[in-house]
$ cat coords_19.tsv   # TSV, C-alpha atoms and all ligand atoms
chain	number	residue	atom	x	y	z
A	1	MET	CA	-39.64	-2.88	-2.28
A	2	SER	CA	-42.12	-3.20	-5.14
A	3	ARG	CA	-43.40	-6.61	-6.13
A	4	PHE	CA	-41.45	-6.23	-9.37
A	5	PHE	CA	-38.01	-6.07	-7.74
A	6	ARG	CA	-35.79	-8.95	-8.82
A	7	GLU	CA	-35.90	-11.77	-6.32
A	8	GLY	CA	-32.16	-12.36	-6.52
A	9	LEU	CA	-31.60	-8.80	-5.31
A	10	SER	CA	-34.01	-8.89	-2.38
A	11	LYS	CA	-31.16	-9.07	0.13
A	12	LEU	CA	-29.25	-6.16	-1.42
A	13	SER	CA	-28.47	-3.42	1.06
A	14	ALA	CA	-27.16	-0.36	-0.73
A	15	TYR	CA	-23.99	1.50	0.14
A	16	THR	CA	-24.59	4.24	2.73
A	17	PRO	CA	-22.69	7.38	1.75
A	18	GLY	CA	-21.48	9.73	4.48
A	19	GLU	CA	-23.77	12.64	5.22
A	20	GLN	CA	-23.58	15.51	2.67
A	21	PRO	CA	-25.38	18.27	4.58
A	22	MET	CA	-26.56	21.51	3.01
A	23	GLU	CA	-25.77	23.49	6.16
A	24	THR	CA	-22.59	25.48	5.71
A	25	ASN	CA	-21.76	26.06	9.38
A	26	LEU	CA	-20.47	22.50	9.79
A	27	ILE	CA	-16.85	21.45	9.80
A	28	LYS	CA	-17.04	18.56	7.40
A	29	LEU	CA	-14.55	15.82	8.24
A	30	ASN	CA	-16.69	12.81	7.33
A	31	THR	CA	-16.18	11.78	3.71
A	32	ASN	CA	-12.44	12.13	3.01
A	33	GLU	CA	-12.80	15.01	0.60
A	34	ASN	CA	-9.92	17.40	0.08
A	35	PRO	CA	-10.33	20.70	1.97
A	36	TYR	CA	-8.51	22.63	-0.76
A	37	PRO	CA	-10.03	23.70	-4.09
A	38	PRO	CA	-8.92	22.03	-7.34
A	39	ALA	CA	-5.84	23.38	-9.14
A	40	PRO	CA	-6.11	26.94	-10.50
A	41	ALA	CA	-6.08	25.57	-14.08
A	42	VAL	CA	-9.18	23.51	-13.29
A	43	ARG	CA	-11.01	26.49	-11.81
A	44	GLU	CA	-10.08	28.60	-14.84
A	45	LEU	CA	-11.29	25.92	-17.25
A	46	ILE	CA	-14.63	25.65	-15.48
A	47	SER	CA	-15.13	29.40	-15.29
A	48	LYS	CA	-14.57	29.58	-19.05
A	49	ALA	CA	-16.39	26.35	-19.76
A	50	SER	CA	-18.52	27.67	-22.60
A	51	SER	CA	-15.51	28.92	-24.59
A	52	ALA	CA	-12.51	26.90	-23.37
A	53	SER	CA	-10.66	25.29	-26.26
A	54	ALA	CA	-9.60	22.35	-24.09
A	55	LEU	CA	-13.26	21.42	-23.73
A	56	ARG	CA	-15.54	19.85	-26.32
A	57	PRO	CA	-18.63	21.91	-27.06
A	58	LEU	CA	-21.31	20.80	-24.60
A	59	ASN	CA	-23.92	20.25	-27.33
A	60	ARG	CA	-21.71	17.35	-28.52
A	61	TYR	CA	-21.37	13.96	-26.87
A	62	PRO	CA	-18.11	13.44	-24.98
A	63	GLU	CA	-15.26	11.58	-26.71
A	64	PRO	CA	-16.33	7.92	-26.28
A	65	ASP	CA	-12.74	6.67	-25.90
A	66	CYS	CA	-11.92	9.51	-23.46
A	67	GLY	CA	-8.79	9.83	-25.63
A	68	ALA	CA	-7.39	13.12	-24.34
A	69	LEU	CA	-7.68	12.12	-20.69
A	70	VAL	CA	-6.40	8.59	-21.34
A	71	SER	CA	-3.35	10.07	-23.11
A	72	ALA	CA	-2.76	12.50	-20.26
A	73	LEU	CA	-2.95	9.69	-17.68
A	74	ALA	CA	-0.76	7.37	-19.76
A	75	GLY	CA	1.86	10.11	-19.98
A	76	TYR	CA	1.57	10.88	-16.29
A	77	HIS	CA	2.11	7.27	-15.22
A	78	GLY	CA	4.53	6.32	-18.00
A	79	VAL	CA	2.37	3.48	-19.36
A	80	SER	CA	0.83	2.93	-22.78
A	81	ARG	CA	-2.63	4.28	-23.60
A	82	ASP	CA	-4.17	0.82	-23.83
A	83	MET	CA	-3.32	0.30	-20.14
A	84	ILE	CA	-5.76	2.98	-18.92
A	85	ALA	CA	-9.58	2.96	-18.68
A	86	VAL	CA	-11.51	5.87	-17.18
A	87	GLY	CA	-14.91	5.89	-15.52
A	88	ASN	CA	-17.44	7.98	-13.62
A	89	GLY	CA	-15.62	7.82	-10.32
A	90	SER	CA	-13.58	4.84	-9.25
A	91	ASP	CA	-16.83	3.39	-7.88
A	92	GLU	CA	-17.94	2.85	-11.46
A	93	ILE	CA	-14.64	1.24	-12.44
A	94	LEU	CA	-14.98	-1.05	-9.40
A	95	ALA	CA	-18.51	-1.98	-10.46
A	96	PHE	CA	-17.25	-2.78	-13.98
A	97	ALA	CA	-14.53	-4.95	-12.44
A	98	PHE	CA	-17.04	-6.85	-10.31
A	99	ILE	CA	-19.19	-7.40	-13.41
A	100	ALA	CA	-16.27	-8.45	-15.59
A	101	PHE	CA	-14.14	-10.73	-13.47
A	102	GLY	CA	-14.83	-14.09	-11.85
A	103	ALA	CA	-17.65	-15.60	-9.85
A	104	LYS	CA	-15.77	-15.37	-6.55
A	105	ALA	CA	-14.16	-12.42	-4.86
A	106	ASN	CA	-12.06	-11.93	-1.74
A	107	ALA	CA	-11.80	-8.67	0.21
A	108	PRO	CA	-10.86	-7.58	3.72
A	109	GLU	CA	-13.78	-7.80	6.13
A	110	VAL	CA	-13.17	-4.21	7.20
A	111	SER	CA	-12.63	-2.16	4.06
A	112	TYR	CA	-14.44	0.02	1.56
A	113	GLY	CA	-18.20	-0.44	1.99
A	114	PHE	CA	-18.86	-0.78	-1.72
A	115	TYR	CA	-17.06	-4.14	-2.11
A	116	PRO	CA	-19.77	-6.23	-0.38
A	117	VAL	CA	-22.51	-4.20	-2.08
A	118	PHE	CA	-21.09	-4.92	-5.53
A	119	GLY	CA	-20.48	-8.53	-4.49
A	120	GLU	CA	-24.18	-8.91	-3.67
A	121	MET	CA	-25.45	-6.95	-6.66
A	122	PHE	CA	-23.37	-8.91	-9.17
A	123	SER	CA	-23.96	-12.29	-7.47
A	124	LYS	CA	-20.40	-12.98	-6.38
A	125	THR	CA	-19.47	-15.38	-3.66
A	126	LEU	CA	-17.61	-12.90	-1.47
A	127	ASN	CA	-15.04	-14.18	0.99
A	128	GLN	CA	-14.46	-11.50	3.62
A	129	ILE	CA	-11.10	-11.87	5.33
A	130	PRO	CA	-10.76	-10.50	8.89
A	131	LEU	CA	-8.06	-7.94	9.68
A	132	ASN	CA	-5.38	-8.92	12.20
A	133	PRO	CA	-5.80	-7.81	15.85
A	134	ALA	CA	-3.97	-4.55	15.06
A	135	LEU	CA	-6.69	-3.91	12.42
A	136	GLU	CA	-4.20	-4.30	9.58
A	137	ILE	CA	-4.43	-6.42	6.45
A	138	ASP	CA	-2.13	-9.42	7.01
A	139	PRO	CA	-0.65	-10.43	3.63
A	140	ALA	CA	-0.27	-14.00	4.91
A	141	ASP	CA	-4.09	-14.28	4.79
A	142	TYR	CA	-4.06	-13.58	1.03
A	143	MET	CA	-1.84	-16.37	-0.25
A	144	GLY	CA	-3.23	-18.80	-2.85
A	145	LEU	CA	-6.86	-17.67	-2.67
A	146	ASP	CA	-9.67	-18.73	-4.96
A	147	GLY	CA	-11.14	-15.86	-7.01
A	148	THR	CA	-10.53	-12.16	-7.58
A	149	ILE	CA	-8.85	-10.27	-4.73
A	150	VAL	CA	-9.76	-6.68	-3.94
A	151	ILE	CA	-7.58	-4.72	-1.54
A	152	ALA	CA	-7.71	-1.03	-0.72
A	153	ASN	CA	-4.17	0.25	-0.18
A	154	PRO	CA	-4.10	2.27	2.02
A	155	ASN	CA	-7.10	0.50	3.50
A	156	ALA	CA	-10.27	2.38	4.41
A	157	PRO	CA	-11.53	3.27	6.94
A	158	THR	CA	-8.44	2.21	8.89
A	159	GLY	CA	-5.77	4.14	6.91
A	160	THR	CA	-2.99	1.55	7.25
A	161	VAL	CA	-0.82	0.82	4.23
A	162	LEU	CA	0.94	-2.25	2.84
A	163	GLY	CA	4.41	-1.90	1.31
A	164	LEU	CA	5.12	-2.99	-2.24
A	165	GLU	CA	6.92	-6.16	-1.06
A	166	ASP	CA	3.63	-7.29	0.50
A	167	ILE	CA	1.61	-6.42	-2.60
A	168	SER	CA	4.21	-8.31	-4.69
A	169	SER	CA	3.99	-11.39	-2.54
A	170	ILE	CA	0.18	-11.39	-2.79
A	171	LEU	CA	0.46	-11.04	-6.59
A	172	GLY	CA	3.06	-13.80	-6.78
A	173	ALA	CA	0.99	-16.19	-4.67
A	174	ASN	CA	-2.16	-15.63	-6.76
A	175	LYS	CA	-0.93	-15.93	-10.34
A	176	SER	CA	-4.24	-17.33	-11.55
A	177	ASN	CA	-6.34	-14.66	-9.80
A	178	LEU	CA	-6.84	-11.03	-10.68
A	179	VAL	CA	-5.64	-8.78	-7.84
A	180	ILE	CA	-7.31	-5.36	-7.75
A	181	VAL	CA	-5.51	-2.72	-5.69
A	182	ASP	CA	-7.74	0.25	-4.93
A	183	GLU	CA	-5.36	3.18	-4.50
A	184	ALA	CA	-7.88	5.90	-3.63
A	185	TYR	CA	-5.52	7.23	-0.91
A	186	ILE	CA	-2.08	6.21	-2.23
A	187	ASP	CA	-0.90	9.80	-2.79
A	188	PHE	CA	-1.01	10.51	0.95
A	189	GLY	CA	1.94	8.33	1.88
A	190	GLY	CA	1.92	4.92	0.18
A	191	ARG	CA	3.88	3.62	-2.78
A	192	SER	CA	1.84	2.87	-5.88
A	193	ALA	CA	1.73	-0.65	-7.29
A	194	ILE	CA	1.87	0.83	-10.81
A	195	GLU	CA	5.58	0.01	-10.89
A	196	LEU	CA	4.69	-3.68	-10.37
A	197	LEU	CA	2.67	-3.85	-13.60
A	198	ALA	CA	5.77	-4.76	-15.61
A	199	GLY	CA	6.25	-7.87	-13.48
A	200	TYR	CA	2.66	-9.06	-12.97
A	201	ASP	CA	-0.11	-9.49	-15.54
A	202	ASN	CA	-2.68	-10.28	-12.81
A	203	LEU	CA	-2.68	-6.76	-11.36
A	204	MET	CA	-5.22	-3.98	-11.85
A	205	ILE	CA	-4.92	-0.66	-10.02
A	206	ILE	CA	-7.86	1.65	-9.43
A	207	ARG	CA	-7.38	5.35	-8.79
A	208	THR	CA	-9.55	8.40	-8.25
A	209	PHE	CA	-9.45	12.19	-8.65
A	210	SER	CA	-11.80	12.52	-5.66
A	211	LYS	CA	-9.31	12.62	-2.80
A	212	SER	CA	-5.80	13.88	-3.58
A	213	ARG	CA	-6.95	15.92	-6.59
A	214	SER	CA	-9.86	17.77	-4.95
A	215	LEU	CA	-12.40	16.72	-7.60
A	216	ALA	CA	-14.91	14.53	-5.72
A	217	GLY	CA	-17.78	16.51	-7.21
A	218	LEU	CA	-16.82	15.77	-10.82
A	219	ARG	CA	-16.65	11.94	-10.50
A	220	ILE	CA	-13.46	10.78	-12.21
A	221	GLY	CA	-11.77	7.44	-11.63
A	222	TYR	CA	-9.54	5.17	-13.67
A	223	ALA	CA	-7.98	1.76	-13.89
A	224	VAL	CA	-4.40	0.92	-14.82
A	225	GLY	CA	-3.59	-2.62	-15.90
A	226	SER	CA	-2.50	-4.84	-18.75
A	227	ALA	CA	-4.04	-4.06	-22.15
A	228	ASP	CA	-6.19	-7.23	-21.92
A	229	ILE	CA	-7.63	-6.34	-18.53
A	230	ILE	CA	-8.31	-2.77	-19.64
A	231	ALA	CA	-10.03	-4.02	-22.81
A	232	ASP	CA	-12.34	-6.13	-20.60
A	233	ILE	CA	-13.21	-3.10	-18.46
A	234	ASN	CA	-13.92	-1.07	-21.59
A	235	LYS	CA	-16.09	-3.85	-22.99
A	236	ILE	CA	-18.31	-3.63	-19.90
A	237	LYS	CA	-18.26	0.17	-20.04
A	238	PHE	CA	-19.34	0.25	-23.68
A	239	SER	CA	-22.09	-2.28	-22.89
A	240	PHE	CA	-23.40	-0.03	-20.15
A	241	ASN	CA	-22.77	3.64	-20.91
A	242	PRO	CA	-20.07	4.66	-23.39
A	243	TYR	CA	-20.45	8.28	-22.27
A	244	SER	CA	-20.21	7.70	-18.55
A	245	LEU	CA	-17.66	10.48	-18.12
A	246	ASP	CA	-18.76	13.95	-19.20
A	247	SER	CA	-16.65	16.37	-21.24
A	248	LEU	CA	-16.22	18.89	-18.46
A	249	ALA	CA	-15.01	16.27	-15.98
A	250	MET	CA	-12.50	14.88	-18.50
A	251	ALA	CA	-11.12	18.31	-19.36
A	252	ALA	CA	-10.86	19.23	-15.66
A	253	ALA	CA	-9.05	15.99	-14.85
A	254	ALA	CA	-6.54	16.58	-17.67
A	255	ALA	CA	-6.00	20.16	-16.45
A	256	SER	CA	-5.41	18.90	-12.92
A	257	LEU	CA	-2.67	16.52	-14.12
A	258	LYS	CA	-0.78	19.44	-15.66
A	259	ASP	CA	-0.32	21.22	-12.33
A	260	GLU	CA	2.02	18.87	-10.48
A	261	GLU	CA	3.29	21.63	-8.21
A	262	TYR	CA	-0.17	22.48	-6.85
A	263	PHE	CA	-0.95	18.79	-6.42
A	264	GLU	CA	2.24	18.10	-4.47
A	265	GLU	CA	1.82	21.20	-2.35
A	266	THR	CA	-1.77	20.42	-1.28
A	267	VAL	CA	-0.99	16.75	-0.64
A	268	ARG	CA	2.06	17.69	1.44
A	269	ARG	CA	-0.01	20.18	3.38
A	270	ILE	CA	-2.63	17.54	4.20
A	271	MET	CA	0.04	15.06	5.31
A	272	ASN	CA	1.67	17.66	7.59
A	273	THR	CA	-1.71	18.62	9.05
A	274	ARG	CA	-2.49	14.92	9.57
A	275	ASP	CA	0.74	14.16	11.42
A	276	ASP	CA	0.40	17.20	13.64
A	277	PHE	CA	-3.28	16.46	14.33
A	278	ALA	CA	-2.53	12.80	15.11
A	279	ASP	CA	0.04	13.82	17.75
A	280	LYS	CA	-2.38	16.25	19.37
A	281	LEU	CA	-5.30	13.82	19.31
A	282	SER	CA	-3.21	11.14	21.00
A	283	GLU	CA	-2.20	13.67	23.67
A	284	LEU	CA	-5.93	13.91	24.42
A	285	GLY	CA	-6.02	10.19	25.17
A	286	PHE	CA	-7.04	8.78	21.80
A	287	THR	CA	-5.41	5.73	20.28
A	288	LEU	CA	-4.80	6.07	16.54
A	289	LEU	CA	-3.91	3.62	13.82
A	290	PRO	CA	-0.89	4.73	11.77
A	291	SER	CA	-2.37	6.59	8.79
A	292	ALA	CA	-1.06	6.82	5.24
A	293	ALA	CA	-4.31	8.46	4.09
A	294	ASN	CA	-6.10	11.82	4.35
A	295	PHE	CA	-7.95	10.66	7.45
A	296	VAL	CA	-7.17	9.13	10.82
A	297	PHE	CA	-8.95	6.28	12.55
A	298	ALA	CA	-9.06	6.81	16.30
A	299	ARG	CA	-10.71	5.60	19.46
A	300	HIS	CA	-11.03	6.96	22.96
A	301	GLY	CA	-11.02	4.32	25.68
A	302	ARG	CA	-13.94	5.85	27.58
A	303	LEU	CA	-16.28	7.10	24.86
A	304	SER	CA	-17.67	4.81	22.17
A	305	GLY	CA	-17.38	5.72	18.49
A	306	GLY	CA	-21.10	6.41	18.42
A	307	GLU	CA	-20.86	8.79	21.37
A	308	CYS	CA	-17.87	10.64	19.90
A	309	HIS	CA	-19.73	11.00	16.62
A	310	ARG	CA	-22.89	12.33	18.30
A	311	LEU	CA	-21.14	14.72	20.68
A	312	LEU	CA	-19.00	16.17	17.89
A	313	ARG	CA	-22.11	16.58	15.71
A	314	GLU	CA	-23.67	18.65	18.50
A	315	LYS	CA	-20.66	20.93	18.16
A	316	ASN	CA	-21.11	21.13	14.37
A	317	ILE	CA	-18.30	18.76	13.55
A	318	LEU	CA	-19.04	15.88	11.25
A	319	VAL	CA	-16.94	12.71	11.40
A	320	ARG	CA	-17.69	9.17	10.27
A	321	TYR	CA	-18.60	6.30	12.53
A	322	PHE	CA	-19.26	2.68	11.53
A	323	ASP	CA	-21.68	0.77	13.71
A	324	LYS	CA	-20.09	-2.63	13.24
A	325	GLU	CA	-17.57	-4.93	14.88
A	326	PRO	CA	-14.61	-4.76	15.27
A	327	ILE	CA	-14.52	-0.98	14.63
A	328	LYS	CA	-17.44	0.24	16.77
A	329	ASP	CA	-15.10	2.06	19.15
A	330	TYR	CA	-13.55	4.13	16.38
A	331	ILE	CA	-14.29	7.31	14.51
A	332	ARG	CA	-12.78	8.23	11.17
A	333	ILE	CA	-11.73	11.86	10.93
A	334	THR	CA	-10.95	13.36	7.53
A	335	ILE	CA	-8.03	15.78	7.52
A	336	GLY	CA	-9.24	19.28	6.72
A	337	THR	CA	-7.35	22.57	6.87
A	338	ASP	CA	-5.19	23.47	9.89
A	339	GLU	CA	-7.96	25.78	11.11
A	340	GLU	CA	-10.57	23.03	10.84
A	341	MET	CA	-8.40	20.57	12.75
A	342	LYS	CA	-7.75	23.17	15.43
A	343	ALA	CA	-11.49	23.62	15.86
A	344	MET	CA	-11.91	19.86	15.94
A	345	LEU	CA	-9.33	19.52	18.74
A	346	LYS	CA	-10.95	22.34	20.69
A	347	ALA	CA	-14.37	20.69	20.45
A	348	THR	CA	-12.87	17.34	21.45
A	349	LYS	CA	-11.27	18.87	24.55
A	350	GLU	CA	-14.61	20.38	25.53
A	351	ILE	CA	-16.36	17.06	25.03
A	352	LEU	CA	-13.84	15.24	27.20
A	353	ASN	CA	-14.18	17.87	29.94
A	354	GLU	CA	-17.98	17.71	29.83
A	355	ASN	CA	-18.32	13.94	29.66
A	356	ILE	CA	-15.46	12.27	31.46
B	1	LIG	C1	-13.44	7.29	-1.92
B	1	LIG	C2	-13.12	5.89	-2.30
B	1	LIG	C3	-13.44	5.41	-3.56
B	1	LIG	C4	-14.39	6.14	-4.47
B	1	LIG	O1	-13.88	7.10	-5.19
B	1	LIG	P1	-14.74	7.82	-6.32
B	1	LIG	O2	-13.74	7.97	-7.40
B	1	LIG	O3	-15.16	9.12	-5.73
B	1	LIG	O4	-15.89	6.96	-6.73
B	1	LIG	C5	-13.02	4.15	-3.93
B	1	LIG	N1	-12.34	3.37	-3.07
B	1	LIG	C6	-12.04	3.79	-1.84
B	1	LIG	C7	-11.30	2.89	-0.92
B	1	LIG	C8	-12.44	5.05	-1.41
B	1	LIG	O5	-12.23	5.45	-0.17
$ encode --input "coords_19.tsv" --output "structure tokens" --more "lines below"
Ligand SMILES: *Cc1c(COP(=O)(O)O)cnc(C)c1O
Amino acid sequence: MSRFFREGLSKLSAYTPGEQPMETNLIKLNTNENPYPPAPAVRELISKASSASALRPLNRYPEPDCGALVSALAGYHGVSRDMIAVGNGSDEILAFAFIAFGAKANAPEVSYGFYPVFGEMFSKTLNQIPLNPALEIDPADYMGLDGTIVIANPNAPTGTVLGLEDISSILGANKSNLVIVDEAYIDFGGRSAIELLAGYDNLMIIRTFSKSRSLAGLRIGYAVGSADIIADINKIKFSFNPYSLDSLAMAAAAASLKDEEYFEETVRRIMNTRDDFADKLSELGFTLLPSAANFVFARHGRLSGGECHRLLREKNILVRYFDKEPIKDYIRITIGTDEEMKAMLKATKEILNENI
């Protein structure tokens, strides 16, 4: 740290992203990316980027209001255009939300690693609420809180999901608080809270193109909420970087929304692979949390999470492990293709034979 670094930030510990190795011989199951390429229309757009009519010329700044993508998203979700704000990944939208709303925030103690980082960076008093013994979010712990509430649904890295009745009761019991529902994984088996927007003006939903839409590399996220909430997010965005989303990313995101069939097919494939993989992993003696995401969270009674992570790495398989209580025993395994999961199971069998 230089002597110029702001004193108030001296305790900041930055978010640690999962490893993004350059080696190509690894089976990469560590950062919840989609194993399938983006929709054909997206690939075509990018290959023709210099001449595509759906794309603004790259010598020009992007549309500041992201109008074409906002319209496409509004149409897709059946809401009005003033209920959508887009950003450079949902991480950026989350940061804008932490800047914009309230001095206090509440989040699950085990959840997305960025929440406490943003809490620290933007000087929030962050109340971290423990999960229940089954490592689920217990809605009863979220009634009548003080400050903004941030919940990932499905939660990460655990993968469990709350039903809409639970989200509704949290919204109803916190009428004077903003409730942010981070739906990064909702397409893999949960029900979106977007349908609750008509009944609650204290709800903001955050979504991403990084997981179910195979576009992690282009950085596209968005918020859906009341026009007032969205105007606040856009006020922060225009005070920070009006061009945070580039033209190519916006055009690719809009193209992706047009191919519903490809989207549904790849999501369904990942869910089938997940359910099949979960059965086989539990046959090997692992205990898994029920997953509504594109990853599973699993532990083996006789190998720690750290050991599983290391031994798999030696066999060129990358998974994620979090060195903190109460999830030290677990590894998080992203769902790849059927072939990748087969290789993962084979390596796991070998590891169990060699070490137990
Ligand atoms: C992956 C993830 C994000 C970040 O998504 P980006 O749009 O790639 O920034 C946000 N929230 C949760 C819970 C995630 O797992």
$ residues_around --input "coords_19.tsv" --residues "range 161-167 of chain A" --least-positions-apart "4" --cutoff "8 Å" --atoms "only C-alpha atoms" --output "list in words"
Ile137, Pro139, Asn153, Pro154, Asn155, Leu171, Gly190, Arg191, Ser192, Ala193, Ser291 and Ala292 of chain A
$ closest_residue --input "coords_19.tsv" --among "A:Leu311, A:Ile129, A:Arg219, A:Arg302" --to "Ile356 in chain A" --atoms "all atoms listed in the file"
A:Arg302
$ atom_distance --input "coords_19.tsv" --atom1 "CA of Arg313 in chain A" --atom2 "CA of Leu26 in chain A"
8.5 Å
$ residues_near_ligand --input "coords_19.tsv" --ligand "ligand LIG 1 (chain B)" --cutoff "8 Å" --atoms "only C-alpha atoms and all ligand atoms" --output "PDB file with C-alpha atoms, in the frame of the given file"
ATOM      1  CA  THR A  31     -16.180  11.780   3.710  1.00  0.00           C
ATOM      2  CA  ASN A  32     -12.440  12.130   3.010  1.00  0.00           C
ATOM      3  CA  ASN A  88     -17.440   7.980 -13.620  1.00  0.00           C
ATOM      4  CA  GLY A  89     -15.620   7.820 -10.320  1.00  0.00           C
ATOM      5  CA  SER A  90     -13.580   4.840  -9.250  1.00  0.00           C
ATOM      6  CA  ASP A  91     -16.830   3.390  -7.880  1.00  0.00           C
ATOM      7  CA  GLU A  92     -17.940   2.850 -11.460  1.00  0.00           C
ATOM      8  CA  LEU A  94     -14.980  -1.050  -9.400  1.00  0.00           C
ATOM      9  CA  SER A 111     -12.630  -2.160   4.060  1.00  0.00           C
ATOM     10  CA  TYR A 112     -14.440   0.020   1.560  1.00  0.00           C
ATOM     11  CA  PHE A 114     -18.860  -0.780  -1.720  1.00  0.00           C
ATOM     12  CA  ALA A 152      -7.710  -1.030  -0.720  1.00  0.00           C
ATOM     13  CA  ASN A 153      -4.170   0.250  -0.180  1.00  0.00           C
ATOM     14  CA  PRO A 154      -4.100   2.270   2.020  1.00  0.00           C
ATOM     15  CA  ASN A 155      -7.100   0.500   3.500  1.00  0.00           C
ATOM     16  CA  ALA A 156     -10.270   2.380   4.410  1.00  0.00           C
ATOM     17  CA  PRO A 157     -11.530   3.270   6.940  1.00  0.00           C
ATOM     18  CA  ASP A 182      -7.740   0.250  -4.930  1.00  0.00           C
ATOM     19  CA  GLU A 183      -5.360   3.180  -4.500  1.00  0.00           C
ATOM     20  CA  ALA A 184      -7.880   5.900  -3.630  1.00  0.00           C
ATOM     21  CA  TYR A 185      -5.520   7.230  -0.910  1.00  0.00           C
ATOM     22  CA  ILE A 206      -7.860   1.650  -9.430  1.00  0.00           C
ATOM     23  CA  ARG A 207      -7.380   5.350  -8.790  1.00  0.00           C
ATOM     24  CA  THR A 208      -9.550   8.400  -8.250  1.00  0.00           C
ATOM     25  CA  PHE A 209      -9.450  12.190  -8.650  1.00  0.00           C
ATOM     26  CA  SER A 210     -11.800  12.520  -5.660  1.00  0.00           C
ATOM     27  CA  LYS A 211      -9.310  12.620  -2.800  1.00  0.00           C
ATOM     28  CA  ALA A 216     -14.910  14.530  -5.720  1.00  0.00           C
ATOM     29  CA  GLY A 217     -17.780  16.510  -7.210  1.00  0.00           C
ATOM     30  CA  ARG A 219     -16.650  11.940 -10.500  1.00  0.00           C
ATOM     31  CA  ILE A 220     -13.460  10.780 -12.210  1.00  0.00           C
ATOM     32  CA  GLY A 221     -11.770   7.440 -11.630  1.00  0.00           C
TER      33      GLY A 221
END
$ closest_residue --input "coords_19.tsv" --among "A:Ser176, A:Thr158, A:Asp232, A:Leu281" --to "Phe297 in chain A" --atoms "all atoms listed in the file"
A:Thr158
$ closest_residue --input "coords_19.tsv" --among "A:Ala293, A:Tyr115, A:Ser10, A:Glu265" --to "Ile186 in chain A" --atoms "all atoms listed in the file"
A:Ala293
$ residues_around --input "coords_19.tsv" --residues "Lys315 in chain A" --least-positions-apart "6" --cutoff "12 Å" --atoms "all atoms listed in the file" --output "PyMOL selection string"
chain A and resi 25-28+308-309+343-351
$ atom_distance --input "coords_19.tsv" --atom1 "CA of Ala249 in chain A" --atom2 "CA of Ser71 in chain A"
15.0 Å
$ atom_distance --input "coords_19.tsv" --atom1 "CA of Asp141 in chain A" --atom2 "CA of Glu195 in chain A"
23.3 Å
$ residues_near_point --input "coords_19.tsv" --point "(-7.0, -3.4, -7.5)" --cutoff "6 Å" --atoms "all atoms listed in the file" --output "list of chain:residue names"
A:Val150, A:Val179, A:Ile180, A:Val181, A:Asp182, A:Met204, A:Ile205, A:Ile206
$ residues_around --input "coords_19.tsv" --residues "Pro62 in chain A" --least-positions-apart "6" --cutoff "9 Å" --atoms "only C-alpha atoms" --output "list in words"
Arg56, Tyr243, Ser244, Leu245, Asp246, Ser247, Leu248 and Met250 of chain A
$ closest_residue --input "coords_19.tsv" --among "A:Asn59, A:Phe118, A:Leu197, A:Asn30" --to "Val319 in chain A" --atoms "only C-alpha atoms"
A:Asn30
$ closest_residue --input "coords_19.tsv" --among "A:Ala85, A:Val117, A:Ile327, A:Ala173" --to "Met143 in chain A" --atoms "all atoms listed in the file"
A:Ala173
$ closest_atom_pairs --input "coords_19.tsv" --of "range 196-269 of chain A" --to "range 72-79 of chain A" --cutoff "10 Å" --atoms "only C-alpha atoms" --output "tab-separated table"
residue	atom	partner	partner_atom	distance
A:Leu197	CA	A:Val79	CA	9.3
A:Ala198	CA	A:Val79	CA	9.7
A:Tyr222	CA	A:Leu73	CA	8.9
A:Val224	CA	A:Val79	CA	8.5
A:Gly225	CA	A:Val79	CA	9.2
A:Ser226	CA	A:Val79	CA	9.7
A:Ala253	CA	A:Ala72	CA	9.0
A:Ala254	CA	A:Ala72	CA	6.1
A:Ala255	CA	A:Ala72	CA	9.1
A:Leu257	CA	A:Ala72	CA	7.3
A:Lys258	CA	A:Ala72	CA	8.6
A:Glu260	CA	A:Tyr76	CA	9.9
$ closest_residue --input "coords_19.tsv" --among "A:Ala105, A:Ile170, A:Ala134, A:Leu289" --to "Gly147 in chain A" --atoms "all atoms listed in the file"
A:Ala105
$ residues_near_point --input "coords_19.tsv" --point "(-21.1, 6.3, 22.0)" --cutoff "12 Å" --atoms "only C-alpha atoms" --output "ChimeraX atom specification"
/A:299-312,321-323,328-331,355
